[in-house]
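J.: Take a look at this one; I'll ask things after.
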Amino acid sequence: MRPTKPILLLAAAVSLGAGVALAASGDPERARILDGYAAQAKAQTPGFAGFSAERGRALYLGPHTGGKVADTPGCASCHTRDPAGTGRHYKTGRDILPMAVSANPKRFTDPAEVEKRFERDCVNVLGRACTAQEKGDFITFLSNQ
Amino acid sequence: MSPTRSLRPLTGIAALAMLAVTAGAAFASEFERVRPVTHAATQKECGECHMAYQPGLLPAASWTRIMDGLQDHFGENASLPADTAAAIRSYLTQNAGSGDGRLIRITEQRWWLRKHDFAPSIWTRKSVAAKSNCEACHRTAAQGLYEDD
């Protein structure tokens, strides 16, 4: 009966209205995280009409100004312009696992970990917290990379 | 007299290994051992951005300052959820070493400076990247074994 389980899960997700996030993200945990940000974005951003991989790409690449760390004007400063590649911490040289879900399927599947990194790195790169829409755009972009 | 001269190659290797052990003992001061990190959260959270430095490398007062200042951790926001930060803080301070508690950089502690009196060109090598990158030269630093290369 194993093969039917994903289908059942998918059916359950669709019936809960989470089908879009699941289809876009390919993982039930990631879909849950995206759905959470979508609910927040609806409340925060008037006229919110879903996440955009294009906006996510722009956020990822930058360059941005006003970040706490002048050496990192974009996420790409450490994670490189190719999100499927291994990143490198701008100062310590430490390797960073790829951001692209295709290269690192565990990305964006632990909500606490995801929030921890946004909490930190939005300040480091943008100088402010990210909005729920930005978080969702970012994950949507990298889920398709 | 050479003890290995008349021995077959394999025996020779064994003899060399024994010599190496003897030499290791003779230069024991060149191998610095620090108790490795044994706390999972410290290993994970600190180790995401840099080698998870062993608690014995700084005194408790320095670790306290570091954990008080994670929002501005050497110029970077490295904040952690409160419960995780508290667990790491207590592990680091309870297993701390000695040194100058006013200094938060390991690389400014007197013992460190004494052992790293090198030409500036060493520090600008791309493979080194930063003085904080122990593993560039001490390959087994993450295990608490700082051999001299």
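By convention in this document, the chains of the structure tokens carry letters A, B, ... by their order, each chain's residues are numbered from 1, and ligands are numbered from 1 in the order they are shown.
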Per residue of chain B within 9 Å of chain A, note the shortest atom pair and the distance in Å to one decimal, counting only C-alpha atoms, and order the rows by chain and increasing residue number, as a Markdown table.
T.:
| residue | atom | partner | partner_atom | distance |
| --- | --- | --- | --- | --- |
| B:Gly47 | CA | A:Arg94 | CA | 8.8 |
| B:Glu48 | CA | A:Ile96 | CA | 7.7 |
| B:Cys49 | CA | A:Arg94 | CA | 5.9 |
| B:His50 | CA | A:Arg94 | CA | 5.7 |
| B:Met51 | CA | A:Arg94 | CA | 7.8 |
| B:Gln71 | CA | A:Arg120 | CA | 8.2 |
| B:Gly75 | CA | A:Val69 | CA | 6.6 |
| B:Glu76 | CA | A:Val69 | CA | 6.2 |
| B:Asn77 | CA | A:Arg120 | CA | 5.4 |
| B:Ala78 | CA | A:Arg120 | CA | 5.9 |
| B:Ser79 | CA | A:Arg120 | CA | 6.2 |
| B:Leu80 | CA | A:Lys116 | CA | 6.7 |
| B:Pro81 | CA | A:Lys116 | CA | 7.3 |
| B:Ser127 | CA | A:Gly93 | CA | 8.4 |
| B:Val128 | CA | A:Gly93 | CA | 8.2 |
| B:Ala129 | CA | A:Gly93 | CA | 6.2 |
| B:Ala130 | CA | A:Thr92 | CA | 6.0 |
| B:Lys131 | CA | A:Thr92 | CA | 8.6 |
| B:Ser132 | CA | A:Thr92 | CA | 6.9 |
| B:Asn133 | CA | A:Thr92 | CA | 6.3 |
J.: So which bits of chain A end up strand (DSSP E or B) when you DSSP the backbone, as a list in words?
T.: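 DSSP on the backbone gives strand (DSSP E or B) at Gly87, Arg88, Asp95 and Ile96 of chain A.
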J.: Just C-alpha atoms for this one: save the residues we selected as a compact mmCIF listing (two decimals), in the first residue's frame.
T.:
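Output saved as part_23.txt:
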# COMPACT_ATOMS: atom_id res chain seq x y z
CA GLY A 87 28.50 28.67 -0.50
CA ARG A 88 31.36 30.18 1.46
CA ASP A 95 31.49 26.00 3.45
CA ILE A 96 27.72 26.49 3.32
J.: Write out as a list in words each polymer residue whose atoms come within 10 Å of A:Thr80, counting only C-alpha atoms; drop sequence neighbours fewer than 3 positions from it.
T.: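 Counting only the stated atoms, we get Tyr60, Leu61, Gly74, Cys75, Ala76, Ser77, Pro83, Ala84, Gly85, Thr86, Gly87, Arg88, His89, Ile96, Pro98 and Met99 of chain A.
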J.: Excluding same-chain residues fewer than 5 positions from A:Arg55, what lies within 8 Å of it counting only C-alpha atoms, as a PyMOL selection string?
T.: chain A and resi 134+137-138+141
J.: Convert the current residue selection to file output with all heavy atoms, as a PDB file, in the first residue's frame.
T.:
ATOM      1  N   GLU A 134       8.414  38.315   1.491  1.00  0.00           N
ATOM      2  CA  GLU A 134       9.801  38.123   1.054  1.00  0.00           C
ATOM      3  C   GLU A 134      10.292  36.718   1.392  1.00  0.00           C
ATOM      4  O   GLU A 134      10.963  36.075   0.586  1.00  0.00           O
ATOM      5  CB  GLU A 134      10.711  39.168   1.722  1.00  0.00           C
ATOM      6  CG  GLU A 134      10.546  40.550   1.124  1.00  0.00           C
ATOM      7  CD  GLU A 134      11.284  41.625   1.908  1.00  0.00           C
ATOM      8  OE1 GLU A 134      11.366  41.521   3.157  1.00  0.00           O
ATOM      9  OE2 GLU A 134      11.774  42.576   1.293  1.00  0.00           O
ATOM     10  N   ASP A 137       8.668  34.361  -1.065  1.00  0.00           N
ATOM     11  CA  ASP A 137       9.261  34.535  -2.406  1.00  0.00           C
ATOM     12  C   ASP A 137      10.612  33.819  -2.471  1.00  0.00           C
ATOM     13  O   ASP A 137      10.929  33.144  -3.451  1.00  0.00           O
ATOM     14  CB  ASP A 137       9.478  36.025  -2.712  1.00  0.00           C
ATOM     15  CG  ASP A 137       8.175  36.780  -2.945  1.00  0.00           C
ATOM     16  OD1 ASP A 137       7.131  36.130  -3.155  1.00  0.00           O
ATOM     17  OD2 ASP A 137       8.204  38.028  -2.899  1.00  0.00           O
ATOM     18  N   PHE A 138      11.395  34.013  -1.420  1.00  0.00           N
ATOM     19  CA  PHE A 138      12.745  33.452  -1.352  1.00  0.00           C
ATOM     20  C   PHE A 138      12.700  31.924  -1.426  1.00  0.00           C
ATOM     21  O   PHE A 138      13.407  31.292  -2.216  1.00  0.00           O
ATOM     22  CB  PHE A 138      13.367  33.924  -0.028  1.00  0.00           C
ATOM     23  CG  PHE A 138      14.809  33.593   0.162  1.00  0.00           C
ATOM     24  CD1 PHE A 138      15.801  34.367  -0.414  1.00  0.00           C
ATOM     25  CD2 PHE A 138      15.187  32.512   0.956  1.00  0.00           C
ATOM     26  CE1 PHE A 138      17.149  34.078  -0.215  1.00  0.00           C
ATOM     27  CE2 PHE A 138      16.528  32.215   1.160  1.00  0.00           C
ATOM     28  CZ  PHE A 138      17.507  32.996   0.578  1.00  0.00           C
ATOM     29  N   PHE A 141      11.525  30.747  -4.897  1.00  0.00           N
ATOM     30  CA  PHE A 141      12.612  30.820  -5.875  1.00  0.00           C
ATOM     31  C   PHE A 141      13.548  29.617  -5.721  1.00  0.00           C
ATOM     32  O   PHE A 141      13.861  28.920  -6.690  1.00  0.00           O
ATOM     33  CB  PHE A 141      13.382  32.141  -5.690  1.00  0.00           C
ATOM     34  CG  PHE A 141      14.716  32.170  -6.379  1.00  0.00           C
ATOM     35  CD1 PHE A 141      14.825  31.972  -7.747  1.00  0.00           C
ATOM     36  CD2 PHE A 141      15.883  32.405  -5.650  1.00  0.00           C
ATOM     37  CE1 PHE A 141      16.067  32.010  -8.385  1.00  0.00           C
ATOM     38  CE2 PHE A 141      17.129  32.432  -6.278  1.00  0.00           C
ATOM     39  CZ  PHE A 141      17.216  32.228  -7.642  1.00  0.00           C
TER      40      PHE A 141
END
J.: Between atom CA of A:Thr65 and atom CA of A:Arg128, what distance in Å does the model show, to one decimal?
T.: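 These two atoms are separated by 10.7 Å.
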J.: Record the distance separating atom CA of B:Tyr53 and atom CA of B:Thr107, expressed in Å with one decimal.
T.: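 Atom CA of B:Thr107 lies 11.6 Å from atom CA of B:Tyr53.
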J.: Any idea what's packed within 10 Å of B:Val37, counting only C-alpha atoms, ignoring anything in its chain fewer than 2 positions away? Could you give it as a PyMOL selection string?
T.: chain B and resi 34-35+39-43+52-56+91-92+95+142-144
J.: Could those residues be written to a file, using N, CA, C and O atoms, as an mmCIF file, in the first residue's frame?
T.:
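What ended up in part35.cif:
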data_model
loop_
_atom_site.group_PDB
_atom_site.id
_atom_site.type_symbol
_atom_site.label_atom_id
_atom_site.label_comp_id
_atom_site.auth_asym_id
_atom_site.auth_seq_id
_atom_site.Cartn_x
_atom_site.Cartn_y
_atom_site.Cartn_z
ATOM 1 N N VAL B 34 43.162 20.055 23.246
ATOM 2 C CA VAL B 34 42.112 20.770 23.964
ATOM 3 C C VAL B 34 40.904 19.845 23.974
ATOM 4 O O VAL B 34 40.621 19.182 22.964
ATOM 5 N N ARG B 35 40.211 19.796 25.087
ATOM 6 C CA ARG B 35 39.061 18.892 25.165
ATOM 7 C C ARG B 35 38.057 19.240 24.055
ATOM 8 O O ARG B 35 37.642 20.393 23.944
ATOM 9 N N HIS B 39 29.064 19.093 23.133
ATOM 10 C CA HIS B 39 27.680 19.559 23.288
ATOM 11 C C HIS B 39 27.091 19.765 21.896
ATOM 12 O O HIS B 39 27.601 20.571 21.112
ATOM 13 N N ALA B 40 26.034 19.011 21.597
ATOM 14 C CA ALA B 40 25.510 18.987 20.224
ATOM 15 C C ALA B 40 25.085 20.369 19.728
ATOM 16 O O ALA B 40 25.401 20.752 18.598
ATOM 17 N N ALA B 41 24.385 21.134 20.549
ATOM 18 C CA ALA B 41 23.903 22.445 20.091
ATOM 19 C C ALA B 41 25.078 23.396 19.835
ATOM 20 O O ALA B 41 25.050 24.184 18.884
ATOM 21 N N THR B 42 26.099 23.324 20.663
ATOM 22 C CA THR B 42 27.282 24.173 20.458
ATOM 23 C C THR B 42 27.958 23.792 19.144
ATOM 24 O O THR B 42 28.308 24.656 18.333
ATOM 25 N N GLN B 43 28.100 22.491 18.946
ATOM 26 C CA GLN B 43 28.718 22.011 17.711
ATOM 27 C C GLN B 43 27.936 22.508 16.488
ATOM 28 O O GLN B 43 28.502 23.028 15.538
ATOM 29 N N ALA B 52 33.601 25.135 15.441
ATOM 30 C CA ALA B 52 33.073 25.290 16.801
ATOM 31 C C ALA B 52 34.263 25.241 17.761
ATOM 32 O O ALA B 52 34.790 24.172 18.051
ATOM 33 N N TYR B 53 34.685 26.415 18.205
ATOM 34 C CA TYR B 53 35.869 26.497 19.061
ATOM 35 C C TYR B 53 35.613 25.796 20.384
ATOM 36 O O TYR B 53 34.542 25.930 20.972
ATOM 37 N N GLN B 54 36.628 25.062 20.847
ATOM 38 C CA GLN B 54 36.484 24.343 22.100
ATOM 39 C C GLN B 54 36.348 25.337 23.263
ATOM 40 O O GLN B 54 37.028 26.376 23.271
ATOM 41 N N PRO B 55 35.508 25.016 24.238
ATOM 42 C CA PRO B 55 35.283 25.963 25.341
ATOM 43 C C PRO B 55 36.578 26.300 26.092
ATOM 44 O O PRO B 55 36.710 27.404 26.617
ATOM 45 N N GLY B 56 37.535 25.360 26.097
ATOM 46 C CA GLY B 56 38.781 25.590 26.819
ATOM 47 C C GLY B 56 39.667 26.671 26.213
ATOM 48 O O GLY B 56 40.659 27.072 26.825
ATOM 49 N N TYR B 91 27.163 25.536 28.656
ATOM 50 C CA TYR B 91 28.211 24.579 28.273
ATOM 51 C C TYR B 91 29.567 25.278 28.159
ATOM 52 O O TYR B 91 30.574 24.804 28.686
ATOM 53 N N LEU B 92 29.593 26.410 27.482
ATOM 54 C CA LEU B 92 30.869 27.104 27.253
ATOM 55 C C LEU B 92 31.478 27.605 28.559
ATOM 56 O O LEU B 92 32.675 27.436 28.799
ATOM 57 N N ASN B 95 32.826 24.827 30.919
ATOM 58 C CA ASN B 95 33.996 24.082 30.438
ATOM 59 C C ASN B 95 35.104 25.024 29.955
ATOM 60 O O ASN B 95 35.982 24.612 29.198
ATOM 61 N N ALA B 142 39.393 20.759 14.770
ATOM 62 C CA ALA B 142 38.001 20.547 15.180
ATOM 63 C C ALA B 142 37.883 19.434 16.213
ATOM 64 O O ALA B 142 36.936 19.400 17.001
ATOM 65 N N GLN B 143 38.862 18.520 16.218
ATOM 66 C CA GLN B 143 38.865 17.445 17.224
ATOM 67 C C GLN B 143 39.638 17.854 18.481
ATOM 68 O O GLN B 143 39.858 17.046 19.368
ATOM 69 N N GLY B 144 40.100 19.087 18.505
ATOM 70 C CA GLY B 144 40.831 19.566 19.669
ATOM 71 C C GLY B 144 42.302 19.209 19.638
ATOM 72 O O GLY B 144 42.997 19.332 20.649
#
J.: Just how far from atom CA of A:Glu29 is atom CA of A:Lys106, in Å to one decimal?
T.: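 It comes out at 9.7 Å.
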J.: Would you mind writing down, as number ranges by chain, each residue of chain A that DSSP on the backbone assigns to helix (DSSP H, G or I)?
T.: A: 4-15, 19-25, 28-44, 53-61, 76-79, 111-126, 132-143
J.: Residues at most 8 Å from B:Pro59, counting only C-alpha atoms, excluding those fewer than 4 positions away in the same chain, as a PyMOL selection string?
T.: chain B and resi 55+63+93+96-101
